[in-house]
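**Q** I'd like to ask some things about the structure below.
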Amino acid sequence: MWIKICGMTDARAVSTALELAVEAIGFVFAPSVRQLTPARAAELARPARGRLSCVAVTQHPTQVQLDEIVRGFGPDVLQTDIEDLLDLRLPHTLARLPVLRAGAVPGGTLPARVLFEGPRSGSGATTDWTAAAEHARATQLVLAGGLNAANVADAIHGVRPWGVDASSGLECEPGRKDAVRMQAFVSAARAAFAEVGT
C-alpha cells in the first residue's frame, strides 16, 4: 500500500498529509494551476523532509528545467512521462516514477514501478481501469486519474494497484486541497487496500 497526494500548494495541505502519514506528496512543475517554482516547493516541503517522499511532478521538461528543479527543490523522486527518461540526465541518487498514460503502448518490458493515468494530468477524469489492471499484474502500478474518496475503493478492488495517487479530487477549488477530502480519501484507500490484502 502506497498513497500519494499530489499538487501541494500551501502549508496546510502539507501539514494534513503529514498528519495522515501518507507515503508521498507531489509538487507540480508542469503548466497547471498547481505549478510552483522550485524555491516555493522547497519551502513547502521543508517540514516533510525525511518523513515522506517529496516528488517533483513534471511533464516533458527540458534538461535546463530539470536541473533547476533538482538544484532548487531537491526532490526524492522524479515523476515524468516514461519517454522523458530516455533523454534526461538525472542524478544517480534520484528515484524515478515513470508515467505511463492510458492508450500508450509501452516499448519492451515495463519498469519495476509506473504511475498509470489518463492522457492529461490534473483533469479530474478517471483513466482506463481495465488497462491499468492488466499492467498491475506485470509491475508495481500506482493508479492516478480522477480518484477521490467516493471511487478509490472501487478502483483498488478493480485494478489491484500497488499504490494510488490523487490531486484534483481532493480539492475545494482548483489548486487548493481540502483537509476533509484528503482524510476521507486516505481512510477509504487504506480500508480498501486492507480488504484486498495489499
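For the C-alpha cells, the naming scheme is as follows: chains receive sequential letters (A, B, ...) according to their order of presentation, residues are indexed from 1 within each chain, and ligands are indexed from 1 in presentation order.
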Compile a residue-level contact table for region 53-109 of chain A against region 141-156 of chain A at a cut-off of 12 Å, reporting for every qualifying residue the shortest atom pair and its distance in Å to one decimal, with only C-alpha atoms counted, rows ordered by chain and ascending number, as a tab-separated table.
**A**
```
residue	atom	partner	partner_atom	distance
A:Gln79	CA	A:Val142	CA	11.4
A:Leu97	CA	A:Val142	CA	9.2
A:Pro98	CA	A:Val142	CA	10.0
A:Val99	CA	A:Val142	CA	9.2
A:Leu100	CA	A:Leu141	CA	9.6
A:Arg101	CA	A:Ala144	CA	9.8
A:Ala102	CA	A:Gly145	CA	10.0
```
**Q** Identify which of the residues A:Arg181, A:His92, A:Arg137, A:Arg46 lies closest to Val114 (chain A), counting only C-alpha atoms when measuring atom-to-atom distances.
**A**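 The closest residue to Val114 (chain A) is A:Arg137.
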**Q** Within 9 Å of Asp10 (chain A), counting only C-alpha atoms, which residues qualify if same-chain residues fewer than 5 places away don't, as a list in words?
**A**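 Counting only the stated atoms, we get Ser15, Leu44, Arg176 and Lys177 of chain A.
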**Q** Kindly indicate which residue among A:Thr93, A:Gln183, A:Gly158, A:Ala131 lies nearest to Leu170 (chain A), using only C-alpha atoms for the distances.
**A** A:Gln183
**Q** Which residue is closest to Phe29 (chain A)? Choose from A:Ala133, A:Val55, A:Met1, A:Ala45 and count only C-alpha atoms.
**A**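 Of all the options, A:Val55 lies closest to Phe29 (chain A).
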**Q** Of the candidates A:Ile25, A:Ala125, A:Val196, A:Ala179, which shows the shortest atom-to-atom distance to Val57 (chain A), using only C-alpha atoms?
**A**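 Once distances to Val57 (chain A) are computed over only C-alpha atoms, the minimum belongs to A:Ile25.
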**Q** For the atom pair CA of Gln140 (chain A) and CA of Met182 (chain A), what is the interatomic distance in Å to one decimal place?
**A**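 Atom-to-atom, CA of Gln140 (chain A) to CA of Met182 (chain A), that is 23.2 Å.
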**Q** Which of these, A:Arg34, A:Arg89, A:Arg49, A:Arg160, has the shortest distance to Leu66 (chain A) once you count only C-alpha atoms?
**A**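 Using only C-alpha atoms, Leu66 (chain A) sits closest to A:Arg89.
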**Q** Which residues in chain A does DSSP call alpha helix (DSSP H)? List them as a ChimeraX atom specification.
**A** /A:11-20,38-45,63-72,129-136,152-159,179-196
**Q** Between CA of Ile3 (chain A) and CA of Ala24 (chain A), what is the distance in Å, rounded to a tenth?
**A** 6.5 Å
**Q** Based on the backbone DSSP call, show me all residues of region 63-155 of chain A assigned strand (DSSP E or B), as an NGL selection string.
**A** :A and (77-81 or 95-101 or 113-117 or 140-143)
**Q** Write the residues of the preceding selection, restricted to N, CA and C atoms, as a PDB file, in the first residue's frame.
**A**
```pdb
ATOM      1  N   VAL A  77      12.075  12.008  -5.514  1.00  0.00           N
ATOM      2  CA  VAL A  77      11.598  11.224  -6.654  1.00  0.00           C
ATOM      3  C   VAL A  77      11.255  12.178  -7.785  1.00  0.00           C
ATOM      4  N   LEU A  78      11.552  11.758  -9.008  1.00  0.00           N
ATOM      5  CA  LEU A  78      11.120  12.488 -10.200  1.00  0.00           C
ATOM      6  C   LEU A  78       9.997  11.702 -10.860  1.00  0.00           C
ATOM      7  N   GLN A  79       8.846  12.341 -11.043  1.00  0.00           N
ATOM      8  CA  GLN A  79       7.724  11.759 -11.768  1.00  0.00           C
ATOM      9  C   GLN A  79       7.600  12.469 -13.098  1.00  0.00           C
ATOM     10  N   THR A  80       7.748  11.722 -14.184  1.00  0.00           N
ATOM     11  CA  THR A  80       7.617  12.309 -15.510  1.00  0.00           C
ATOM     12  C   THR A  80       7.272  11.203 -16.499  1.00  0.00           C
ATOM     13  N   ASP A  81       6.802  11.590 -17.670  1.00  0.00           N
ATOM     14  CA  ASP A  81       6.392  10.590 -18.651  1.00  0.00           C
ATOM     15  C   ASP A  81       7.543   9.655 -18.999  1.00  0.00           C
ATOM     16  N   ALA A  95      15.372   8.911  -7.365  1.00  0.00           N
ATOM     17  CA  ALA A  95      14.464   7.828  -7.752  1.00  0.00           C
ATOM     18  C   ALA A  95      13.534   8.309  -8.868  1.00  0.00           C
ATOM     19  N   ARG A  96      13.058   7.353  -9.674  1.00  0.00           N
ATOM     20  CA  ARG A  96      12.195   7.679 -10.807  1.00  0.00           C
ATOM     21  C   ARG A  96      10.824   7.047 -10.625  1.00  0.00           C
ATOM     22  N   LEU A  97       9.788   7.790 -11.015  1.00  0.00           N
ATOM     23  CA  LEU A  97       8.441   7.247 -11.103  1.00  0.00           C
ATOM     24  C   LEU A  97       7.931   7.555 -12.512  1.00  0.00           C
ATOM     25  N   PRO A  98       8.174   6.628 -13.455  1.00  0.00           N
ATOM     26  CA  PRO A  98       7.755   6.871 -14.842  1.00  0.00           C
ATOM     27  C   PRO A  98       6.236   6.872 -14.966  1.00  0.00           C
ATOM     28  N   VAL A  99       5.724   7.789 -15.780  1.00  0.00           N
ATOM     29  CA  VAL A  99       4.287   7.887 -16.021  1.00  0.00           C
ATOM     30  C   VAL A  99       3.948   7.184 -17.328  1.00  0.00           C
ATOM     31  N   LEU A 100       3.041   6.222 -17.250  1.00  0.00           N
ATOM     32  CA  LEU A 100       2.510   5.533 -18.417  1.00  0.00           C
ATOM     33  C   LEU A 100       1.073   5.992 -18.592  1.00  0.00           C
ATOM     34  N   ARG A 101       0.758   6.552 -19.743  1.00  0.00           N
ATOM     35  CA  ARG A 101      -0.578   7.105 -19.966  1.00  0.00           C
ATOM     36  C   ARG A 101      -1.479   6.109 -20.698  1.00  0.00           C
ATOM     37  N   ARG A 113       8.254  -0.088 -11.516  1.00  0.00           N
ATOM     38  CA  ARG A 113       7.154   0.678 -10.938  1.00  0.00           C
ATOM     39  C   ARG A 113       6.764   1.771 -11.918  1.00  0.00           C
ATOM     40  N   VAL A 114       5.462   1.952 -12.146  1.00  0.00           N
ATOM     41  CA  VAL A 114       4.976   3.026 -13.008  1.00  0.00           C
ATOM     42  C   VAL A 114       3.755   3.682 -12.374  1.00  0.00           C
ATOM     43  N   LEU A 115       3.522   4.932 -12.755  1.00  0.00           N
ATOM     44  CA  LEU A 115       2.282   5.612 -12.421  1.00  0.00           C
ATOM     45  C   LEU A 115       1.432   5.609 -13.677  1.00  0.00           C
ATOM     46  N   PHE A 116       0.207   5.095 -13.569  1.00  0.00           N
ATOM     47  CA  PHE A 116      -0.678   4.974 -14.721  1.00  0.00           C
ATOM     48  C   PHE A 116      -1.797   5.992 -14.593  1.00  0.00           C
ATOM     49  N   GLU A 117      -1.961   6.821 -15.622  1.00  0.00           N
ATOM     50  CA  GLU A 117      -3.045   7.796 -15.607  1.00  0.00           C
ATOM     51  C   GLU A 117      -3.496   8.109 -17.015  1.00  0.00           C
ATOM     52  N   GLN A 140       4.661  -2.885 -10.345  1.00  0.00           N
ATOM     53  CA  GLN A 140       4.071  -2.142  -9.228  1.00  0.00           C
ATOM     54  C   GLN A 140       3.434  -0.886  -9.811  1.00  0.00           C
ATOM     55  N   LEU A 141       2.114  -0.878  -9.877  1.00  0.00           N
ATOM     56  CA  LEU A 141       1.396   0.186 -10.550  1.00  0.00           C
ATOM     57  C   LEU A 141       0.764   1.134  -9.538  1.00  0.00           C
ATOM     58  N   VAL A 142       1.037   2.419  -9.727  1.00  0.00           N
ATOM     59  CA  VAL A 142       0.380   3.469  -8.945  1.00  0.00           C
ATOM     60  C   VAL A 142      -0.729   4.022  -9.823  1.00  0.00           C
ATOM     61  N   LEU A 143      -1.968   3.894  -9.366  1.00  0.00           N
ATOM     62  CA  LEU A 143      -3.115   4.338 -10.155  1.00  0.00           C
ATOM     63  C   LEU A 143      -3.431   5.793  -9.845  1.00  0.00           C
TER      64      LEU A 143
END
```
**Q** Rounded to one decimal in Å, what is the spacing between CA of Met8 (chain A) and CA of Pro174 (chain A)?
**A** 11.5 Å
